[in-house]
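Notes for the one structure printed next.
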Amino acid sequence: MKCKKFKDLMFVYQDGQLAEPEKAGFDRHLRACPACSARFEEIIEIGSLMQKAAAPIAGVDFDKSWLQIAAALSPAARRQFFWMRSPRWLLITAGFLAFFILGVAFARLNFFPARTETTAPLDTPFMYSTRDYFAALQPVLSEFSNAPGQDGSNTTGQVRIRLLLGNLRLLRLRADRNRDSSLLRLLDDIELVLLEIAHLDRSDSEHTRLVGTLIQEKGIPMKMKVFKFADRKTVQIQGGTI
Amino acid sequence: MNSNEVDWVVLAKAGDRGAMHELYERNRSRIYSLAYRYAGNVADAEDILQDTFIKAFQSLQKCQLNENSYFATWLYRIAVNCALDHFRRRRHESKVELSTKLAAAVGNEGAGTPESEYVRNESARLVRRGLERLTERKRMVVVLRHYQQLKIGEIAVALGCSQGSVKKQLFRALGQLKKELSASMGG
């Protein structure tokens with residue numbers, strides 16, 4: 001018999017639950033293997049030491065205990081609040097739910113203040129809404145995205161580009177206040193394109209083509225269409241408002 | 001399990017208070033003994049005893065017994081959980097206080113000749129120190145094995161784990177105890 005198997009059977013042997021052939025094999029191994037024999041003796045010795053060291057168990061009034069058990073089992077004692085009878089998992093779930101709701105409420109109050117209409121200080125002609133802005137931006141973009149390479153024929157004036165760039169900052173401010181990340185990304189892309197246009201050399205057809213490609217790659221016209229669906233000054237899109 | 005006990009359990013399931021009392025009478029000593037050896041003092045042991053029987057009678061419908069299972073084994077499982085819960089609740093108590101309680105449970109009481117009493121007290125002190133250093137679960141395995149004299153299978157049922165796991169924990173606990181005792185005797 002292997003020592004590992006013997007170790008596994010040690011407590012079963014001690015319990016007297018081994019069948020006769022196994023018990024005989026166990027005894028043989030015990031005589032032949034000093035290590036296992038020593039280990040088994042240790043187990044017996046520690047058990048015996050614990051028995052010797054054990055003090056008598058102090059008495060208790062079992063009848064008095066029974067009276068208390070019976071009282072706890074009485075119908076009156078079992079008439080508890082419903083939540084005291086509920087399974088533990090129900091209480092834990094309810095606790096988590098309450099914690100989650102309170103957390104969301106707290107976060108909304110502290111990190112997402114109520115959205116208010118921004119009254120932007122105006123010193124230049126200003127497109128009040130995203131719709132107005134996109135309406136003004138549309139011809140500028142289509143000039144480059146629809147007819148790339150038609151250099152020299154564009155009518156985009158530097159003043160118009162600067163106006164669009166200036167207005168962009170205010171739109172970004174609004175989008176930032178509303179934490180509208182999708183609109184912010186779109187405004188970033190628009191700014192990039194407008195800056196490219198602002199520094200465009202009209203005679204450079206390659207650059208013009210690149211700007212057109214950039215507009216298409218960023219998908220700006222498509223995204224703008226989405227924003228233009230709402231026919232209001234305050235445009236609501238993808239959960240954001242501006 | 002004898003048919004008599006099955007009958008008492010069936011009656012108790014139906015809400016018969018007399019049957020419950022009979023089951024209490026038959027099992028109270030072994031549960032109290034486990035609680036006392038584990039908790040280390042009468043007050044806590046009494047609490048564990050009462051908690052165990054209250055929980056057992058409240059969840060008696062879940063008790064499925066056949067000829068190979070015993071009501072006492074099922075009860076042990078509840079008692080083990082009650083004792084572990086009780087210990088967790090009392091964890092804030094100081095080590096010194098726990099140690100004193102364990103001293104009462106393991107040895108320091110009883111009568112005998114001065115010599116035998118000295119030997120027993122010294123052994124009790126060493127065993128107590130060893131038990132103190134075991135984890136709650138290992139201590140429970142040792143108590144069930146060496147004070148309650150449960151077989152490996154019964155301990156596995158009481159703890160709700162496999163027999164292999166019980167054997168491993170027992171080997172480790174006894175190994176740790178042996179180390180503690182050897183160190184103490186050597187020192």
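In the structure tokens, each chain is lettered A, B, ... as it comes, each chain's residues begin at 1, and ligands are numbered from 1 in order of appearance.
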Range 20-28 of chain B surroundings by only C-alpha atoms, 7 Å radius, close-in-sequence under 4 positions cut, as a JSON list (two decimals) with N, CA and C atoms, in the first residue's frame:
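Output contents, as saved in out-v7.json:
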[["chain", "number", "residue", "atom", "x", "y", "z"],
["B", 8, "TRP", "N", -40.58, 11.02, 15.55],
["B", 8, "TRP", "CA", -40.55, 12.29, 16.30],
["B", 8, "TRP", "C", -40.36, 13.47, 15.33],
["B", 12, "ALA", "N", -42.82, 16.51, 14.76],
["B", 12, "ALA", "CA", -42.31, 17.88, 14.97],
["B", 12, "ALA", "C", -42.55, 18.74, 13.74],
["B", 16, "ASP", "N", -45.92, 19.56, 16.31],
["B", 16, "ASP", "CA", -46.15, 18.97, 17.64],
["B", 16, "ASP", "C", -45.06, 19.43, 18.61],
["B", 32, "TYR", "N", -24.83, 20.99, 23.19],
["B", 32, "TYR", "CA", -24.26, 21.87, 24.22],
["B", 32, "TYR", "C", -22.76, 21.60, 24.38],
["B", 72, "ALA", "N", -29.32, 13.96, 14.38],
["B", 72, "ALA", "CA", -28.21, 14.61, 15.09],
["B", 72, "ALA", "C", -27.19, 15.19, 14.11]]
Legend entry - Neighbour list for range 99-113 of chain A as number ranges by chain, cut-off 12 Å, only C-alpha atoms, skip fewer than 5 positions in-chain: A: 92-94, 176-180
Quick one: write out the picked residues with N, CA and C atoms as a PDB file, in the first residue's frame?
ATOM      1  N   ILE A  92     -30.454  41.689   0.950  1.00  0.00           N
ATOM      2  CA  ILE A  92     -29.193  42.150   0.360  1.00  0.00           C
ATOM      3  C   ILE A  92     -29.474  42.853  -0.963  1.00  0.00           C
ATOM      4  N   THR A  93     -30.357  42.257  -1.793  1.00  0.00           N
ATOM      5  CA  THR A  93     -30.691  42.866  -3.081  1.00  0.00           C
ATOM      6  C   THR A  93     -31.336  44.230  -2.873  1.00  0.00           C
ATOM      7  N   ALA A  94     -32.272  44.292  -1.918  1.00  0.00           N
ATOM      8  CA  ALA A  94     -32.954  45.559  -1.649  1.00  0.00           C
ATOM      9  C   ALA A  94     -31.946  46.616  -1.203  1.00  0.00           C
ATOM     10  N   ASP A 176     -19.942  71.435 -24.005  1.00  0.00           N
ATOM     11  CA  ASP A 176     -19.149  71.045 -22.849  1.00  0.00           C
ATOM     12  C   ASP A 176     -19.985  71.117 -21.573  1.00  0.00           C
ATOM     13  N   ARG A 177     -20.786  72.177 -21.456  1.00  0.00           N
ATOM     14  CA  ARG A 177     -21.643  72.314 -20.269  1.00  0.00           C
ATOM     15  C   ARG A 177     -22.650  71.183 -20.204  1.00  0.00           C
ATOM     16  N   ASN A 178     -23.126  70.794 -21.390  1.00  0.00           N
ATOM     17  CA  ASN A 178     -24.124  69.707 -21.419  1.00  0.00           C
ATOM     18  C   ASN A 178     -23.484  68.326 -21.421  1.00  0.00           C
ATOM     19  N   ARG A 179     -22.167  68.303 -21.381  1.00  0.00           N
ATOM     20  CA  ARG A 179     -21.417  67.041 -21.386  1.00  0.00           C
ATOM     21  C   ARG A 179     -21.826  66.143 -22.543  1.00  0.00           C
ATOM     22  N   ASP A 180     -21.992  66.791 -23.705  1.00  0.00           N
ATOM     23  CA  ASP A 180     -22.384  66.038 -24.886  1.00  0.00           C
ATOM     24  C   ASP A 180     -21.123  65.639 -25.648  1.00  0.00           C
TER      25      ASP A 180
END
Near Arg162 in chain A, counting only C-alpha atoms, which residues have an atom at most 10 Å away, once you skip same-chain residues fewer than 5 positions from it, shown as number ranges by chain?
A: 157, 167-168, 194-195, 198
Export C-alpha atoms of the chosen residues as a short mmCIF file (atom, residue, chain, number, x, y, z; two decimals), in the first residue's frame?
data_model
loop_
_atom_site.label_atom_id
_atom_site.label_comp_id
_atom_site.auth_asym_id
_atom_site.auth_seq_id
_atom_site.Cartn_x
_atom_site.Cartn_y
_atom_site.Cartn_z
CA GLY A 157 -13.85 83.83 -47.81
CA ASN A 167 -18.92 80.58 -33.32
CA LEU A 168 -17.51 77.09 -32.93
CA LEU A 194 -11.93 74.70 -40.82
CA LEU A 195 -8.34 75.33 -39.79
CA ALA A 198 -8.24 78.69 -43.33
#
Practice problem: Could you list the residues in chain A lying within 10 Å of chain B, using only C-alpha atoms, and format the result as a PyMOL selection string? | Solution: chain A and resi 7-12+14-17+39+42-43+45-63+65-74+78
Next, dump the selected residues to file, keeping only N, CA and C atoms, as a short mmCIF file (atom, residue, chain, number, x, y, z; two decimals), in the first residue's frame.
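Dumped everything to selection.cif:
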data_model
loop_
_atom_site.label_atom_id
_atom_site.label_comp_id
_atom_site.auth_asym_id
_atom_site.auth_seq_id
_atom_site.Cartn_x
_atom_site.Cartn_y
_atom_site.Cartn_z
N LYS A 7 -2.33 7.42 4.15
CA LYS A 7 -2.64 8.68 4.82
C LYS A 7 -4.14 9.00 4.67
N ASP A 8 -4.63 8.74 3.47
CA ASP A 8 -6.03 9.03 3.18
C ASP A 8 -6.97 8.16 4.02
N LEU A 9 -6.50 6.95 4.32
CA LEU A 9 -7.37 6.01 5.06
C LEU A 9 -7.19 6.08 6.58
N MET A 10 -6.23 6.89 6.99
CA MET A 10 -5.86 6.90 8.41
C MET A 10 -7.04 7.16 9.35
N PHE A 11 -7.82 8.21 9.03
CA PHE A 11 -8.93 8.55 9.93
C PHE A 11 -10.06 7.53 9.80
N VAL A 12 -10.23 6.98 8.60
CA VAL A 12 -11.27 5.97 8.40
C VAL A 12 -10.92 4.73 9.21
N GLN A 14 -9.10 4.75 11.90
CA GLN A 14 -9.32 5.15 13.30
C GLN A 14 -10.80 5.03 13.68
N ASP A 15 -11.65 5.32 12.70
CA ASP A 15 -13.10 5.23 12.94
C ASP A 15 -13.60 3.79 12.92
N GLY A 16 -12.70 2.86 12.55
CA GLY A 16 -13.09 1.45 12.47
C GLY A 16 -14.02 1.19 11.31
N GLN A 17 -13.87 1.94 10.26
CA GLN A 17 -14.79 1.79 9.13
C GLN A 17 -14.13 1.13 7.92
N ARG A 39 3.38 8.83 12.09
CA ARG A 39 2.32 9.81 11.83
C ARG A 39 1.01 9.37 12.51
N GLU A 42 1.16 9.84 16.17
CA GLU A 42 1.00 11.27 16.52
C GLU A 42 -0.48 11.64 16.61
N ILE A 43 -1.22 11.17 15.62
CA ILE A 43 -2.66 11.49 15.60
C ILE A 43 -3.33 10.94 16.86
N GLU A 45 -1.88 10.24 19.63
CA GLU A 45 -1.31 10.91 20.81
C GLU A 45 -1.97 12.28 21.02
N ILE A 46 -2.11 13.03 19.95
CA ILE A 46 -2.71 14.36 20.09
C ILE A 46 -4.17 14.24 20.55
N GLY A 47 -4.87 13.27 19.95
CA GLY A 47 -6.26 13.04 20.36
C GLY A 47 -6.36 12.70 21.83
N SER A 48 -5.44 11.85 22.24
CA SER A 48 -5.45 11.40 23.64
C SER A 48 -5.11 12.56 24.57
N LEU A 49 -4.14 13.38 24.15
CA LEU A 49 -3.74 14.55 24.95
C LEU A 49 -4.93 15.51 25.10
N MET A 50 -5.65 15.70 24.01
CA MET A 50 -6.80 16.61 24.08
C MET A 50 -7.86 16.06 25.02
N GLN A 51 -8.04 14.75 24.98
CA GLN A 51 -9.02 14.14 25.87
C GLN A 51 -8.61 14.32 27.33
N LYS A 52 -7.31 14.09 27.57
CA LYS A 52 -6.82 14.21 28.95
C LYS A 52 -6.93 15.65 29.45
N ALA A 53 -6.65 16.57 28.54
CA ALA A 53 -6.64 17.98 28.94
C ALA A 53 -8.04 18.55 29.08
N ALA A 54 -9.01 17.85 28.54
CA ALA A 54 -10.37 18.40 28.54
C ALA A 54 -10.95 18.45 29.95
N ALA A 55 -11.48 19.58 30.27
CA ALA A 55 -12.14 19.71 31.57
C ALA A 55 -13.58 19.22 31.45
N PRO A 56 -14.18 18.87 32.56
CA PRO A 56 -15.60 18.51 32.50
C PRO A 56 -16.41 19.70 32.00
N ILE A 57 -17.45 19.38 31.30
CA ILE A 57 -18.26 20.48 30.76
C ILE A 57 -19.12 21.08 31.87
N ALA A 58 -19.05 22.40 31.97
CA ALA A 58 -19.84 23.07 33.01
C ALA A 58 -21.32 22.88 32.72
N GLY A 59 -22.06 22.69 33.78
CA GLY A 59 -23.48 22.40 33.62
C GLY A 59 -24.30 23.61 33.15
N VAL A 60 -25.48 23.31 32.64
CA VAL A 60 -26.36 24.37 32.20
C VAL A 60 -27.79 23.92 32.51
N ASP A 61 -28.66 24.88 32.68
CA ASP A 61 -30.05 24.55 32.98
C ASP A 61 -30.79 24.30 31.65
N PHE A 62 -30.84 23.03 31.25
CA PHE A 62 -31.45 22.70 29.97
C PHE A 62 -32.95 23.03 29.93
N ASP A 63 -33.61 22.89 31.08
CA ASP A 63 -35.06 23.17 31.10
C ASP A 63 -35.33 24.65 30.84
N SER A 65 -33.39 26.61 29.18
CA SER A 65 -33.10 26.84 27.76
C SER A 65 -34.28 26.43 26.89
N TRP A 66 -34.90 25.30 27.26
CA TRP A 66 -36.05 24.84 26.46
C TRP A 66 -37.19 25.86 26.51
N LEU A 67 -37.39 26.43 27.69
CA LEU A 67 -38.47 27.44 27.82
C LEU A 67 -38.21 28.61 26.87
N GLN A 68 -36.94 28.99 26.78
CA GLN A 68 -36.61 30.12 25.90
C GLN A 68 -36.77 29.73 24.42
N ILE A 69 -36.40 28.49 24.11
CA ILE A 69 -36.57 28.02 22.72
C ILE A 69 -38.06 28.00 22.38
N ALA A 70 -38.84 27.44 23.29
CA ALA A 70 -40.29 27.35 23.06
C ALA A 70 -40.91 28.74 22.90
N ALA A 71 -40.42 29.67 23.71
CA ALA A 71 -40.96 31.04 23.61
C ALA A 71 -40.63 31.65 22.26
N ALA A 72 -39.41 31.37 21.79
CA ALA A 72 -39.00 31.92 20.48
C ALA A 72 -39.79 31.29 19.34
N LEU A 73 -40.27 30.07 19.56
CA LEU A 73 -41.02 29.38 18.50
C LEU A 73 -42.51 29.68 18.57
N SER A 74 -42.92 30.37 19.61
CA SER A 74 -44.35 30.63 19.76
C SER A 74 -44.85 31.55 18.64
N ARG A 78 -43.12 34.75 16.44
CA ARG A 78 -42.87 34.63 15.00
C ARG A 78 -43.58 35.72 14.21
#
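Taking CA of Ala39 in chain B and CA of His86 in chain B as endpoints, the distance between them is 8.3 Å.
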### Message
Env of Arg139 in chain B: 8 Å cut, atoms = only C-alpha atoms, seq-sep filter 5 positions within chain, self excluded. Answer as an NGL selection string.
### Response
:B and (38 or 131 or 134 or 173)
Could you turn the residues from that selection into a file that holds C-alpha atoms, as an mmCIF file, in the first residue's frame?
data_model
loop_
_atom_site.group_PDB
_atom_site.id
_atom_site.type_symbol
_atom_site.label_atom_id
_atom_site.label_comp_id
_atom_site.auth_asym_id
_atom_site.auth_seq_id
_atom_site.Cartn_x
_atom_site.Cartn_y
_atom_site.Cartn_z
ATOM 1 C CA TYR B 38 -16.018 25.635 20.791
ATOM 2 C CA LEU B 131 -6.234 25.596 19.553
ATOM 3 C CA LEU B 134 -6.011 27.504 14.635
ATOM 4 C CA ALA B 173 -4.821 21.249 12.190
#
**Message:** I want to know what sits within 12 Å of Gly25 in chain A, based on only C-alpha atoms, with residues of the same chain fewer than 5 positions away left out; could you give that as a PyMOL selection string?
**Reply:** chain A and resi 1-3+5-6+9+13+18-20+30-33
* CA of Glu206 in chain A to CA of Asp188 in chain A, straight-line distance in Å ->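 Between CA of Asp188 in chain A and CA of Glu206 in chain A the gap works out to 23.1 Å.
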